[in-house]
Amino acid sequence: KAGVTQTPRYLIKTRGQQVTLSCSPISGHRSVSWYQQTPGQGLQFLFEYFSETQRNKGNFPGRFSGRQFSNSRSEMNVSTLELGDSALYLCASSRGSNTGELFFGEGSRLTVL
Amino acid sequence: LAKTTQPISMDSYEGQEVNITCSHNNIATNDYITWYQQFPSQGPRFIIQGYKTKVTNEVASLFIPADRKSSTLSLPRVSLSDTAVYYCLVDSSASKIIFGSGTRLSIRP
């Protein structure tokens, strides 16, 4: 079956702009989590959505937001981009049960100039 | 709050067995232990998960002692392609899975 698909794979923005990233989970998966990965901070949890509701949120400013649609696809948005937002943004899907197995996409690499 | 402690890096050679140990002294009753592998510029990939004793699949084994305060990921006969970062996680919920710093494993010819 198809894996987790993230678009776009690469993008370049300038400070102050906003960006929207998309994630299509594995069919049947109802949970989508987002992570930011940078060389200095590693993998940091952004938020998790399950059945269109945000179940958990990490310690990121309000500029980072997300949503999930009825078909489980998810988007995350970063407004007023800063240089420090340059990172690999990873989306992971799961069934949402307590076993916690995550299936990751290949990520969207954002560069902020 | 860090829930797991694992070595920052490890080196080994092709064909050897590699054991990476993770400490999780504050593991809760409902927590599972899960290991992921990550290659550069890719998302982490699930390797194995367990709750107690021993779990084995086609790529690795996971050993968990009775007190569950640590776990060991065992990779048999590693190859160059096993060079990656390995993450140990303990969690009882899929809704907020926190990754630690991981172990950077380097395999040499």
# chains A, B, ... in the order shown; residues from 1 in each chain; ligands from 1

call {"tool": "residues_around", "arguments": {"residues": "Gly84 of chain A", "least_positions_apart": "3", "cutoff": "9 Å", "atoms": "only C-alpha atoms", "output": "JSON list (two decimals) with C-alpha atoms, in the first residue's frame"}}
result
[["chain", "number", "residue", "atom", "x", "y", "z"],
["A", 81, "LEU", "CA", 8.79, 32.70, 8.75],
["A", 87, "ALA", "CA", 14.32, 22.50, 8.85],
["A", 112, "VAL", "CA", 14.16, 30.30, 4.86]]

call {"tool": "residues_around", "arguments": {"residues": "Ile98 of chain B", "least_positions_apart": "3", "cutoff": "12 Å", "atoms": "only C-alpha atoms", "output": "MDAnalysis selection string"}}
result
(chainID A and resid 33:36 42:48 56:59 100 102) or (chainID B and resid 1:4 34:36 87:95 101:102)

call {"tool": "closest_residue", "arguments": {"among": "A:Tyr89, A:Phe104, A:Tyr49, A:Phe60", "to": "Arg73 of chain A", "atoms": "only C-alpha atoms"}}
result
A:Tyr49

call {"tool": "residues_around", "arguments": {"residues": "Leu11 of chain A", "least_positions_apart": "6", "cutoff": "7 Å", "atoms": "only C-alpha atoms", "output": "ChimeraX atom specification"}}
result
/A:109-111

call {"tool": "residues_around", "arguments": {"residues": "Ala28 of chain B", "least_positions_apart": "2", "cutoff": "10 Å", "atoms": "only C-alpha atoms", "output": "compact mmCIF listing (two decimals) with all heavy atoms, in the first residue's frame"}}
result
# COMPACT_ATOMS: atom_id res chain seq x y z
N HIS B 24 15.75 3.48 30.59
CA HIS B 24 14.46 4.18 30.80
C HIS B 24 13.98 3.85 32.20
O HIS B 24 13.04 3.07 32.39
CB HIS B 24 13.43 3.80 29.72
CG HIS B 24 13.61 2.45 29.10
ND1 HIS B 24 13.19 1.29 29.68
CD2 HIS B 24 14.19 2.12 27.92
CE1 HIS B 24 13.48 0.28 28.89
NE2 HIS B 24 14.09 0.74 27.82
N ASN B 25 14.65 4.47 33.18
CA ASN B 25 14.40 4.17 34.58
C ASN B 25 12.99 4.49 35.03
O ASN B 25 12.49 3.90 35.99
CB ASN B 25 15.40 4.92 35.46
CG ASN B 25 16.81 4.40 35.29
OD1 ASN B 25 17.03 3.20 35.21
ND2 ASN B 25 17.77 5.30 35.21
N ASN B 26 12.36 5.46 34.38
CA ASN B 26 11.03 5.89 34.82
C ASN B 26 9.91 5.35 33.94
O ASN B 26 8.84 5.95 33.86
CB ASN B 26 10.96 7.42 34.87
CG ASN B 26 11.95 8.01 35.86
OD1 ASN B 26 12.12 7.48 36.96
ND2 ASN B 26 12.61 9.09 35.48
N ASN B 30 2.21 1.26 31.47
CA ASN B 30 1.57 1.18 30.16
C ASN B 30 2.50 1.47 28.99
O ASN B 30 2.08 1.38 27.83
CB ASN B 30 0.40 2.16 30.09
CG ASN B 30 -0.71 1.82 31.06
OD1 ASN B 30 -0.89 0.66 31.41
ND2 ASN B 30 -1.44 2.83 31.49
N ASP B 31 3.75 1.82 29.27
CA ASP B 31 4.67 2.20 28.20
C ASP B 31 5.15 0.98 27.41
O ASP B 31 5.49 -0.06 27.99
CB ASP B 31 5.90 2.92 28.76
CG ASP B 31 5.61 4.36 29.15
OD1 ASP B 31 4.61 4.91 28.66
OD2 ASP B 31 6.41 4.92 29.92
N TYR B 32 5.22 1.15 26.12
CA TYR B 32 5.89 0.21 25.24
C TYR B 32 7.28 0.76 24.91
O TYR B 32 7.52 1.95 25.04
CB TYR B 32 5.10 0.02 23.94
CG TYR B 32 3.88 -0.84 24.08
CD1 TYR B 32 2.70 -0.34 24.62
CD2 TYR B 32 3.91 -2.18 23.68
CE1 TYR B 32 1.59 -1.14 24.76
CE2 TYR B 32 2.79 -2.98 23.80
CZ TYR B 32 1.64 -2.46 24.34
OH TYR B 32 0.53 -3.25 24.47
N ARG B 68 12.24 -3.86 33.29
CA ARG B 68 11.93 -2.99 32.14
C ARG B 68 12.61 -1.62 32.23
O ARG B 68 12.22 -0.70 31.51
CB ARG B 68 10.41 -2.81 32.01
CG ARG B 68 9.65 -4.09 31.88
CD ARG B 68 8.28 -3.98 31.25
NE ARG B 68 7.56 -2.77 31.54
CZ ARG B 68 7.05 -1.98 30.62
NH1 ARG B 68 7.24 -2.23 29.34
NH2 ARG B 68 6.37 -0.91 30.96
N LYS B 69 13.62 -1.46 33.04
CA LYS B 69 14.28 -0.16 33.17
C LYS B 69 15.34 0.07 32.09
O LYS B 69 15.98 1.12 32.04
CB LYS B 69 14.88 -0.02 34.56
CG LYS B 69 13.84 0.07 35.67
CD LYS B 69 14.50 0.28 37.01
CE LYS B 69 13.46 0.32 38.13
NZ LYS B 69 12.48 1.42 37.95
N VAL B 90 10.05 5.32 24.71
CA VAL B 90 9.08 4.64 25.56
C VAL B 90 7.83 5.51 25.59
O VAL B 90 7.91 6.72 25.80
CB VAL B 90 9.60 4.39 26.98
CG1 VAL B 90 10.75 3.40 26.95
CG2 VAL B 90 10.04 5.67 27.65
N ASP B 91 6.70 4.90 25.35
CA ASP B 91 5.47 5.68 25.31
C ASP B 91 4.28 4.75 25.40
O ASP B 91 4.35 3.59 24.99
CB ASP B 91 5.38 6.51 24.03
CG ASP B 91 4.78 7.88 24.29
OD1 ASP B 91 3.61 7.93 24.70
OD2 ASP B 91 5.49 8.87 24.11
N SER B 92 3.22 5.30 25.91
CA SER B 92 1.99 4.51 26.01
C SER B 92 0.92 5.04 25.09
O SER B 92 -0.17 4.50 25.04
CB SER B 92 1.47 4.55 27.45
OG SER B 92 1.18 5.87 27.84

call {"tool": "closest_residue", "arguments": {"among": "A:Tyr10, A:Ser72, A:Asn77, A:Asp85", "to": "chain B", "atoms": "only C-alpha atoms"}}
result
A:Tyr10

call {"tool": "residues_around", "arguments": {"residues": "Thr5 of chain A", "least_positions_apart": "4", "cutoff": "7 Å", "atoms": "only C-alpha atoms", "output": "number ranges by chain"}}
result
A: 23-25, 105

call {"tool": "write_last_selection", "arguments": {"atoms": "C-alpha atoms", "output": "PDB file, in the first residue's frame"}}
result
ATOM      1  CA  CYS A  23       0.662  15.283   4.358  1.00  0.00           C
ATOM      2  CA  SER A  24      -1.377  12.354   3.080  1.00  0.00           C
ATOM      3  CA  PRO A  25      -1.334   9.464   5.565  1.00  0.00           C
ATOM      4  CA  GLY A 105       7.005  10.424   5.083  1.00  0.00           C
TER       5      GLY A 105
END

call {"tool": "select_by_dssp", "arguments": {"residues": "chain A", "states": "strand (DSSP E)", "output": "ChimeraX atom specification"}}
result
/A:5-7,10-13,19-24,31-38,42-50,53-57,64-68,74-78,87-94,103-104,108-112

call {"tool": "write_last_selection", "arguments": {"atoms": "C-alpha atoms", "output": "PDB file, in the first residue's frame"}}
result
ATOM      1  CA  THR A   5       3.184  11.343   1.113  1.00  0.00           C
ATOM      2  CA  GLN A   6       4.435  14.814   1.858  1.00  0.00           C
ATOM      3  CA  THR A   7       4.385  17.778  -0.480  1.00  0.00           C
ATOM      4  CA  TYR A  10      11.664  21.106  -1.104  1.00  0.00           C
ATOM      5  CA  LEU A  11      10.834  24.760  -0.864  1.00  0.00           C
ATOM      6  CA  ILE A  12      12.567  28.065  -0.337  1.00  0.00           C
ATOM      7  CA  LYS A  13      10.906  31.021   1.328  1.00  0.00           C
ATOM      8  CA  VAL A  19       4.236  28.286   4.159  1.00  0.00           C
ATOM      9  CA  THR A  20       1.774  25.409   4.034  1.00  0.00           C
ATOM     10  CA  LEU A  21       2.924  21.806   4.004  1.00  0.00           C
ATOM     11  CA  SER A  22       0.719  18.868   3.150  1.00  0.00           C
ATOM     12  CA  CYS A  23       0.662  15.283   4.358  1.00  0.00           C
ATOM     13  CA  SER A  24      -1.377  12.354   3.080  1.00  0.00           C
ATOM     14  CA  SER A  31      -3.615   9.941  13.315  1.00  0.00           C
ATOM     15  CA  VAL A  32      -1.155  12.384  11.810  1.00  0.00           C
ATOM     16  CA  SER A  33       1.789  13.818  13.727  1.00  0.00           C
ATOM     17  CA  TRP A  34       4.187  16.521  12.665  1.00  0.00           C
ATOM     18  CA  TYR A  35       7.837  16.874  13.638  1.00  0.00           C
ATOM     19  CA  GLN A  36      10.521  19.451  12.988  1.00  0.00           C
ATOM     20  CA  GLN A  37      14.073  18.196  12.580  1.00  0.00           C
ATOM     21  CA  THR A  38      17.131  20.415  12.697  1.00  0.00           C
ATOM     22  CA  GLY A  42      16.945  16.918  16.618  1.00  0.00           C
ATOM     23  CA  LEU A  43      13.409  15.646  16.135  1.00  0.00           C
ATOM     24  CA  GLN A  44      10.915  17.865  17.896  1.00  0.00           C
ATOM     25  CA  PHE A  45       7.221  17.104  18.205  1.00  0.00           C
ATOM     26  CA  LEU A  46       4.942  19.802  16.801  1.00  0.00           C
ATOM     27  CA  PHE A  47       1.419  18.425  17.100  1.00  0.00           C
ATOM     28  CA  GLU A  48      -0.781  15.408  16.514  1.00  0.00           C
ATOM     29  CA  TYR A  49      -4.228  15.189  14.983  1.00  0.00           C
ATOM     30  CA  PHE A  50      -6.716  12.384  15.270  1.00  0.00           C
ATOM     31  CA  THR A  53      -8.998  17.083  16.354  1.00  0.00           C
ATOM     32  CA  GLN A  54      -5.670  18.193  17.743  1.00  0.00           C
ATOM     33  CA  ARG A  55      -4.908  15.725  20.540  1.00  0.00           C
ATOM     34  CA  ASN A  56      -1.506  16.981  21.538  1.00  0.00           C
ATOM     35  CA  LYS A  57       0.799  19.891  20.948  1.00  0.00           C
ATOM     36  CA  PHE A  64       2.977  26.942  13.828  1.00  0.00           C
ATOM     37  CA  SER A  65      -0.485  25.574  13.244  1.00  0.00           C
ATOM     38  CA  GLY A  66      -2.105  22.606  11.640  1.00  0.00           C
ATOM     39  CA  ARG A  67      -5.336  20.966  10.731  1.00  0.00           C
ATOM     40  CA  GLN A  68      -6.687  17.652   9.620  1.00  0.00           C
ATOM     41  CA  SER A  74      -3.254  17.053   7.187  1.00  0.00           C
ATOM     42  CA  GLU A  75      -1.661  20.406   6.589  1.00  0.00           C
ATOM     43  CA  MET A  76       0.642  22.458   8.717  1.00  0.00           C
ATOM     44  CA  ASN A  77       1.202  26.148   8.330  1.00  0.00           C
ATOM     45  CA  VAL A  78       4.018  28.364   9.506  1.00  0.00           C
ATOM     46  CA  ALA A  87      14.322  22.496   8.846  1.00  0.00           C
ATOM     47  CA  LEU A  88      13.103  19.151   7.636  1.00  0.00           C
ATOM     48  CA  TYR A  89       9.417  18.865   8.487  1.00  0.00           C
ATOM     49  CA  LEU A  90       8.297  15.284   8.903  1.00  0.00           C
ATOM     50  CA  CYS A  91       4.805  13.921   8.954  1.00  0.00           C
ATOM     51  CA  ALA A  92       3.958  10.554  10.448  1.00  0.00           C
ATOM     52  CA  SER A  93       0.758   8.599  10.379  1.00  0.00           C
ATOM     53  CA  SER A  94      -0.529   5.841  12.586  1.00  0.00           C
ATOM     54  CA  PHE A 103       5.045   5.630   9.610  1.00  0.00           C
ATOM     55  CA  PHE A 104       6.983   8.637   8.390  1.00  0.00           C
ATOM     56  CA  SER A 108       9.485  18.627   3.366  1.00  0.00           C
ATOM     57  CA  ARG A 109      12.759  20.506   3.498  1.00  0.00           C
ATOM     58  CA  LEU A 110      12.133  24.183   4.114  1.00  0.00           C
ATOM     59  CA  THR A 111      14.838  26.783   3.632  1.00  0.00           C
ATOM     60  CA  VAL A 112      14.164  30.295   4.863  1.00  0.00           C
TER      61      VAL A 112
END

call {"tool": "atom_distance", "arguments": {"atom1": "atom CA of Ser23 of chain B", "atom2": "atom CA of Thr72 of chain B"}}
result
8.9 Å

call {"tool": "residues_around", "arguments": {"residues": "Thr56 of chain B", "least_positions_apart": "3", "cutoff": "12 Å", "atoms": "only C-alpha atoms", "output": "list in words"}}
result
Ile47, Ile48, Gln49, Gly50, Lys52, Thr53, Val59, Ala60, Ser61, Leu62, Phe63, Ile64, Thr72, Leu73, Ser74, Leu75 and Pro76 of chain B

call {"tool": "write_last_selection", "arguments": {"atoms": "C-alpha atoms", "output": "short mmCIF file (atom, residue, chain, number, x, y, z; two decimals), in the first residue's frame"}}
result
data_model
loop_
_atom_site.label_atom_id
_atom_site.label_comp_id
_atom_site.auth_asym_id
_atom_site.auth_seq_id
_atom_site.Cartn_x
_atom_site.Cartn_y
_atom_site.Cartn_z
CA ILE B 47 12.37 -1.32 13.61
CA ILE B 48 10.85 -3.17 16.52
CA GLN B 49 8.60 -2.78 19.53
CA GLY B 50 8.19 -4.71 22.74
CA LYS B 52 8.75 -7.32 28.07
CA THR B 53 11.17 -10.23 27.60
CA VAL B 59 15.86 -7.32 11.13
CA ALA B 60 16.50 -7.12 14.88
CA SER B 61 15.91 -8.44 18.35
CA LEU B 62 14.82 -6.50 21.38
CA PHE B 63 15.75 -7.67 24.85
CA ILE B 64 13.89 -6.29 27.84
CA THR B 72 18.83 -3.61 24.21
CA LEU B 73 18.43 -3.49 20.47
CA SER B 74 20.47 -6.22 18.81
CA LEU B 75 21.39 -6.01 15.13
CA PRO B 76 22.88 -9.27 13.85
#

call {"tool": "closest_residue", "arguments": {"among": "A:Leu83, A:Gln17, A:Ile26, A:Gln41", "to": "chain B", "atoms": "only C-alpha atoms"}}
result
A:Gln41

call {"tool": "atom_distance", "arguments": {"atom1": "atom CA of Ser71 of chain B", "atom2": "atom CA of Thr21 of chain B"}}
result
5.7 Å

call {"tool": "closest_residue", "arguments": {"among": "A:Arg15, A:His29, A:Arg63, A:Arg95", "to": "chain B", "atoms": "only C-alpha atoms"}}
result
A:Arg95
